[in-house]
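This report concerns only the one structure given below.
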Amino acid sequence: MSDLNQKAVALYGGNFLKEVEERVEDGEWVSMCMQCGVCAGSCPLGPHWEHSPQKIFRMIMAGKREEVLTSDSVWMCTSCYTCIVRCPRKLPITHIMHGLAHYAHRLDVAPKGQPTRELAKIFWNSLIRTGRVNELKFSLGVYFKDGFSQGIKNLLGMQGVALGLMKAKRLNPMEILGGHKCKDIGGIQKMLAKAQEIEARRQI
Amino acid sequence: MAEMKTAAYICSGCGLGDKLDVSQLAKIAQREGKMALVREHAFLCNSEGVQMIRDDIEKEEVTHVCIAACSRRAKTEAFNFPDIAMTRANLREGVIWVVSEGAEHDEVRQEMADDYVRMACAELKKAKVPAGNPNHTHLKNILVVGGGMSGMTAALEAAEAGYEVILVEKQGSLGGWAGKLYKRVPFKAPYAEPQETGVAELAARVSAHPLIAVHLNTTVAETSGAPGRYAIKLAQESGAVTEIAAGSIVQATGFTTYDIKKLPELGGGLDHVVDHAGLESLAKASNGGPIRRADGKEVKSVVFLQCAGQRDEAHLPYCSGHCCATSIKQAMYFKDANPEVSTIVVYDDLRVPGMGEDFYRSAQHKDVIFSKGKASKVESSGSGCKVTYRDLILDTDLVLDADLVVLATGQVPSSGVNVADWDRLTKEAEGGSEEARQQRNDLKRISILNLTYRQGPDLPKLKYGFADSHFICFPYETQRTGIYTAGPVRRPMDIYQATEDATGAALKAIQAAENASLGRAAHPRAGDLSYPMVRLEGCTQCKRCTVECPFGAIDEDEKRFPVFNEQRCRRCGTCMGACPVRVISFENYSVDTVGSQIKAVEIPDEFSEKPRILVLACENDAYPALDMAGLSRIVYSAFVRVIPVRCLGSVNTIWITDALNSGYDGVMMMGCRKGDEYQCHFVKGSELAGYRMSKIGDTLTQMGLEPQRVSTYEIAITDNARIAGLINDYVAELVELGPSPMKGFG
């Protein structure tokens with residue numbers, strides 16, 4: 001268990017609803033859920049989740065901290081926003097799901113190797129280095145995240161698509177050598193640093 | 001009034017003149033109907049037409065008017081002649097709008113119109129202008145029984161309207177349950193916080209009002225009489241009895257809470273388990289500070305169990321409506337005193353009627369936790385309670401530890417004696433059972449109104465013990481004229497609904513007293529001056545009228561003759577339909593007025609292939625539905641002849657046998673829905689009619705007729721399309737059966 005996580009447990013003494021309200025982005029909305037289940041019925045990925053948003057909210061209220069934070073379900077949201085549109089209590093459900101995922105990630109209790117989590121990490125690292133996402137390096141990063149031989153298998157599987165993209169001049173193989181940066185990378189990094197500083201104020 | 005002089009007016013407006021031979025109708029009115037005066041008019045309901053009738057009444061001394069035009073339900077303002085007798089032949093909605101178009105139908109259409117004119121003329125000669133009840137009294141004050149929120153509001157509303165009120169309360173102070181509350185749910189935007197109850201202020205206003213006399217520590221020992229002349233004995237705790245008189249009565253006796261000891265599985269009876277009322281007294285004691293249990297410990301965690309013994313066939317089968325909002329309010333008591341208190345509401349369905357949804361949201365903002373689930377067990381855990389429940393969202397069993405458990409038990413109406421039990425015990429006691437007599441005496445002790453009525457000492461119950469008549473069609477009405485119920489004795493409700501209810505009931509009570517003082521009927525025949533008249537010398541003391549009257553209007557004297565309390569009567573005529581010797585009648589509605597119409601119809605012979613079907617249609621639902629069929633131009637068979645009746649309960653079997661004897665091929669009886677979900681305006685008229693008709697089979701067999709020749713139907717006012725189908729199907733069935741063998745003997 002990470003230090004941060006232990007700190008959070010100690011701070012809230014089992015009152016998980018309060019922890020979510022204070023620490024998770026848009027978490028103060030959770031107590032307004034009236035358990036109607038419209039979100040669960042509306043989610044296009046519904047059958048693939050272990051816990052629907054309705055259940056996640058109920059689990060938060062019932063104090064099921066570990067089950068919520070280690071849940072794979074909050075990572076499954078595709079941001080289609082159907083639940084937000086339909087929620088009769090106007091809960092920003094998509095944002096709360098992302099907020100929970102982010103919080104679990106920060107406390108380092110989120111499921112290890114969860115594909116969405118890994119993809120997000122690679123995306124973020126690619127982004128902050130040059131100020132823009134290098135498509136080639138990003139794709140390669142994702143293909144090889146599960147080891148070298150799996151990476152080769154993924155590459156071979158995708159070669160037709162890659163060749164088509166190169167033919168259409170949509171993919172430049174030279175980008176592998178570092179690729180181009182945005183104009184003011186220093187400015188972007190300063191901006192990101194400031195954002196992180198602001199966020200750290202609400203974190204533990 | 002001078003001698004009877006009849007006149008018939010035949011209208012040819014609204015297309016009547018194009019589709020019918022109006023001069024032939026005039027001839028029929030004159031020659032067959034024997035009308036002294038017959039006039040035709042092209043637009044009878046315009047000012048000129050109405051003036052013509054007025055002139056005739058004045059100059060020609062016409063006393064009886066037959067109007068052959070539209071339905072009796074149309075143009076009632078134009079054809080309003082209160083001082084003369086009037087009948088209407090329904091040629092528009094009843095004939096030209098419902099008979100198929102085209103020349104090939106001219107003959108049957110004209111025959112139908114001819115018959116309606118004959119019927120209206122025949123009825124006219126039997127009708128009298130109701131003179132009004134000579135026995136009316138002038139008491140207009142109102143007795144309110146119960147000094148809770150409903151009773152105080154009813155008293156105040158009636159007093160503000162200028163009527164004297166006598167308010168009777170069993171307890172030593174006004175306020176009832178509402179007076180025991182710490183706070184109440186909000187009635188106004190933003191519906192966010194519990195509010196002061198306002199009971200003390202209301203009680204002070206009631207006590208100070210010059211038109212209200214408050215009797216505390218008092219119960220009703222006896223109620224006799226009728227609207228406009230109730231004689232009531234009030235018993236004080238001390239034993240003293242005061243006699244008072246009142247014009248009408250509002251019963252606002254409220255409810256009692258369901259005994260939590262009957263819910264041992266939910267911890268009823270344990271130390272730290274209370275019901276809503278119990279929590280209110282804890283909250284009142286803490287007065288805004290942290291809420292403490294009976295043993296003085298501050299409550300840090302509380303669990304509310306909703307629907308405790310409610311919506312449960314083993315306890316109360318219904319929802320009491322207020323408990324979800326009440327639990328929300330009580331959870332706020334804890335959160336407002338100390339936000340750290342854990343408050344969990346376990347519900348099956350959270351139901352917050354009215355603007356309660358905002359109140360619910362406000363509690364969610366305060367972090368009151370709501371969990372959909374069903375509790376199975378509450379046990380003592382030494383210092384507190386352990387609640388085991390099934391979480392229906394997570395589908396797992398959860399256990400909660402709580403310092404205090406609050407059970408949301410329901411409202412049980414304080415409605416006194418169950419009149420059905422009373423009836424049964426009375427019969428057994430009359431049969432000589434000493435035990436039944438004893439039980440009957442025990443029952444009498446819990447009676448609220450102690451009515452001296454033949455049909456029992458309290459109001460009949462509609463469902464689950466609530467004293468009501470029909471909560472959608474006639475709110476506040478009971479099955480006893482002049483006595484109105486308000487508040488939770490009528491149906492479960494909260495304070496806000498009870499105050500609205502009380503206002504409605506107070507206005508109803510005022511109407512009842514006013515109508516009684518004018519000798520008029522109350523709803524639904526409001527304003528009717530006719531009343532049942534009985535020829536006692538012909539009475540055989542069979543008691544059918546006294547037993548069957550839906551409103552308990554008829555008592556019995558020492559010699560077992562019926563005693564009519566006209567002010568209690570709603571003028572449905574159920575007694576008239578019941579009477580086997582036909583000694584009961586109304587001045588404008590009797591066995592004769594309908595019987596003569598039945599006989600006035602011309603019955604074609606069996607070779608004409610023109611069956612005749614008599615339709616007796618309830619004037620409240622079936623007859624309007626027939627009119628509505630006409631308005632929407634829905635075609636039905638021209639072989640029917642419709643007679644409106646006050647209620648199917650007023651149908652005397654003599655009409656049926658007369659009709660069949662004179663050669664009708666069949667009789668359709670159209671009434672309202674009966675049974676538990678009845679829609680009958682007179683409670684059990686259609687049910688009684690159904691019962692009577694089920695016994696008519698023997699008579700039909702004796703006459704050599706098939707049982708299908710009499711059939712009953714349940715019709716709602718919206719059934720205009722269905723009613724035409726029913727008529728056509730029945731006509732087809734009778735055509736198949738062949739003509740009645742009675743034709744030609746009538």
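Chain labels run A, B, ... following the order of the structure tokens; each chain numbers its residues from 1, and ligands are numbered from 1 in the order shown.
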Review point. Which residues come within 9 Å of Gln54 (chain A), counting only C-alpha atoms, excluding same-chain residues fewer than 5 positions away, as a PyMOL selection string?
Key: (chain A and resi 33-40+59) or (chain B and resi 393)
Could those residues be written to a file, using N, CA and C atoms, as a PDB file, in the first residue's frame?
```pdb
ATOM      1  N   CYS A  33     -26.852  11.085  -5.810  1.00  0.00           N
ATOM      2  CA  CYS A  33     -27.397   9.983  -6.607  1.00  0.00           C
ATOM      3  C   CYS A  33     -28.629   9.425  -5.925  1.00  0.00           C
ATOM      4  N   MET A  34     -29.719   9.215  -6.690  1.00  0.00           N
ATOM      5  CA  MET A  34     -30.921   8.654  -6.054  1.00  0.00           C
ATOM      6  C   MET A  34     -31.164   7.220  -6.494  1.00  0.00           C
ATOM      7  N   GLN A  35     -30.136   6.593  -7.036  1.00  0.00           N
ATOM      8  CA  GLN A  35     -30.183   5.155  -7.311  1.00  0.00           C
ATOM      9  C   GLN A  35     -31.303   4.755  -8.273  1.00  0.00           C
ATOM     10  N   CYS A  36     -31.567   5.601  -9.259  1.00  0.00           N
ATOM     11  CA  CYS A  36     -32.625   5.241 -10.190  1.00  0.00           C
ATOM     12  C   CYS A  36     -32.141   4.234 -11.218  1.00  0.00           C
ATOM     13  N   GLY A  37     -30.829   4.259 -11.505  1.00  0.00           N
ATOM     14  CA  GLY A  37     -30.294   3.269 -12.432  1.00  0.00           C
ATOM     15  C   GLY A  37     -30.356   3.663 -13.895  1.00  0.00           C
ATOM     16  N   VAL A  38     -30.720   4.906 -14.184  1.00  0.00           N
ATOM     17  CA  VAL A  38     -30.776   5.339 -15.589  1.00  0.00           C
ATOM     18  C   VAL A  38     -29.381   5.280 -16.217  1.00  0.00           C
ATOM     19  N   CYS A  39     -28.329   5.643 -15.439  1.00  0.00           N
ATOM     20  CA  CYS A  39     -26.962   5.601 -15.969  1.00  0.00           C
ATOM     21  C   CYS A  39     -26.587   4.170 -16.335  1.00  0.00           C
ATOM     22  N   ALA A  40     -26.924   3.236 -15.435  1.00  0.00           N
ATOM     23  CA  ALA A  40     -26.571   1.838 -15.668  1.00  0.00           C
ATOM     24  C   ALA A  40     -27.262   1.316 -16.917  1.00  0.00           C
ATOM     25  N   MET A  59     -21.681   1.931  -3.660  1.00  0.00           N
ATOM     26  CA  MET A  59     -20.542   1.355  -2.935  1.00  0.00           C
ATOM     27  C   MET A  59     -19.793   2.449  -2.178  1.00  0.00           C
TER      28      MET A  59
ATOM     29  N   ILE B 393     -29.270  -2.853  -4.228  1.00  0.00           N
ATOM     30  CA  ILE B 393     -28.482  -2.373  -5.362  1.00  0.00           C
ATOM     31  C   ILE B 393     -27.228  -3.229  -5.487  1.00  0.00           C
TER      32      ILE B 393
END
```
**Study point:** Distance filter 7 Å, only C-alpha atoms, chain A against chain B, as an NGL selection string
**Key:** :A and (31-32 or 55 or 61)
Next, the residues of the selection above should be written as a CSV table (one decimal), in the first residue's frame with C-alpha atoms.
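So the final result, stored in selection-v2.csv, reads:
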```
chain,number,residue,atom,x,y,z
A,31,SER,CA,-24.4,11.9,-2.4
A,32,MET,CA,-27.0,13.3,-4.8
A,55,LYS,CA,-23.4,0.6,-8.1
A,61,MET,CA,-22.0,5.5,0.2
```
Study note, to complete from the structure: note - CA of Val302 (chain B) and CA of Ser52 (chain A) are separated by 28.1 Å
Practice item. Would you kindly return, as a list in words, each protein, DNA or RNA residue with an atom no farther than 8 Å from any atom of Gln330 (chain B), considering only C-alpha atoms and excluding same-chain residues fewer than 4 positions away? Key: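 Those residues are Leu279, Glu280, Thr326 and Phe334 of chain B.
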Would you export the selected residues with N, CA and C atoms as a short mmCIF file (atom, residue, chain, number, x, y, z; two decimals), in the first residue's frame, please?
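As written to disk, result25.cif reads:
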```
data_model
loop_
_atom_site.label_atom_id
_atom_site.label_comp_id
_atom_site.auth_asym_id
_atom_site.auth_seq_id
_atom_site.Cartn_x
_atom_site.Cartn_y
_atom_site.Cartn_z
N LEU B 279 -39.42 9.27 18.11
CA LEU B 279 -38.28 10.13 17.79
C LEU B 279 -38.64 11.61 17.95
N GLU B 280 -39.91 11.94 17.57
CA GLU B 280 -40.32 13.35 17.71
C GLU B 280 -40.20 13.78 19.16
N THR B 326 -41.23 12.18 6.34
CA THR B 326 -41.02 12.31 7.79
C THR B 326 -39.64 11.80 8.19
N PHE B 334 -30.95 15.20 13.10
CA PHE B 334 -29.62 14.75 13.54
C PHE B 334 -28.52 15.54 12.84
#
```
Exercise for review: Mind listing the alpha helix (DSSP H) residues of region 24-151 of chain B, per DSSP on the backbone, as a ChimeraX atom specification?
Suggested key: /B:24-31,47-59,106-126,149-151
Practice item. Write out as a list of chain:residue names the residues lying within 10 Å of Thr503 (chain B), counting only C-alpha atoms and excluding same-chain residues fewer than 6 positions away. Key: B:Ser150, B:Gly151, B:Thr153, B:Ala154, B:Ala155, B:Leu156, B:Glu157, B:Ala158, B:Tyr476, B:Ala486, B:Gln497, B:Ala509
Exercise for review: Name the residues of region 552-653 of chain B that come out as strand (DSSP E or B) in a backbone DSSP run; write them as a PyMOL selection string.
Suggested key: chain B and resi 554-556+562-564+584-586+589+613-618+640-645
Check your understanding: What separation in Å, quoted to one decimal, exists between CA of Ala617 (chain B) and CA of Gly697 (chain B)?
Key ->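 These two atoms are separated by 20.6 Å.
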Review point. Counting only C-alpha atoms, what is within 9 Å of His681 (chain B), bar same-chain residues fewer than 4 positions away, as a list in words?
Key: His470, Cys473, Phe474, Pro524, Cys572, Asn620, Cys647, Cys672 and Gly685 of chain B
Any chance you could export the current selection's C-alpha atoms as a PDB file, in the first residue's frame?
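Writing done, so here's again.pdb:
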```pdb
ATOM      1  CA  HIS B 470     -65.040   7.267  -3.202  1.00  0.00           C
ATOM      2  CA  CYS B 473     -65.044  11.012  -7.550  1.00  0.00           C
ATOM      3  CA  PHE B 474     -66.399  12.321  -4.252  1.00  0.00           C
ATOM      4  CA  PRO B 524     -74.840  14.211  -6.598  1.00  0.00           C
ATOM      5  CA  CYS B 572     -81.126   7.699  -5.658  1.00  0.00           C
ATOM      6  CA  ASN B 620     -74.837   9.617 -14.080  1.00  0.00           C
ATOM      7  CA  CYS B 647     -79.518   4.886 -10.438  1.00  0.00           C
ATOM      8  CA  CYS B 672     -71.824   1.918 -13.178  1.00  0.00           C
ATOM      9  CA  GLY B 685     -77.061   0.889  -6.497  1.00  0.00           C
TER      10      GLY B 685
END
```
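Picture a line from CA of Leu631 (chain B) to CA of Ala29 (chain B); it runs 26.1 Å.
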Check your understanding: Which residue gives the smallest distance to Ala103 (chain B) among B:Ile232, B:Ala122, B:Leu20, B:Ile727, with only C-alpha atoms counted?
Key -> B:Leu20
Check your understanding: Which residue gives the smallest distance to Glu66 (chain A) among A:Leu91, A:Ala162, A:Leu107, A:Cys43, with only C-alpha atoms counted?
Key ->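 Of the candidates, the smallest distance to Glu66 (chain A) is held by A:Leu107.
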**Study point:** Of the listed residues B:Arg582, B:Lys126, B:His215, B:Arg544, that which approaches Lys170 (chain B) most closely, counting only C-alpha atoms
**Key:** B:His215
Exercise for review: Extract, using only C-alpha atoms, all DNA, RNA and protein residues at most 10 Å from Tyr182 (chain B), discarding same-chain residues fewer than 2 positions from it, and format them as a list in words.
Suggested key: Ala178, Gly179, Lys180, Arg184, Pro194, Gln195, Glu196, Thr197, Ala277, Leu279, Glu280, Ser281, Leu282, Ala283, Lys284, Ala285, Ser286, Asn287, Gly288, Gln330 and Tyr333 of chain B
Check your understanding: What's the 9 Å shell around region 373-390 of chain B, counting only C-alpha atoms, without same-chain residues fewer than 2 positions away, as a PyMOL selection string?
Key -> chain B and resi 264-268+270-273+303+305-306+308+346-349+371+392-405
Exercise for review: Name the closest residue to Met97 (chain A) among the candidates A:Val24, A:Leu119, A:Ala168, A:Leu140; distances are taken between atoms, counting only C-alpha atoms.
Suggested key: A:Val24
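Candidate residues B:Trp655, B:Phe607, B:Tyr713, B:Phe359 were compared for distance to Pro741 (chain B), and the nearest is B:Phe607, using only C-alpha atoms.
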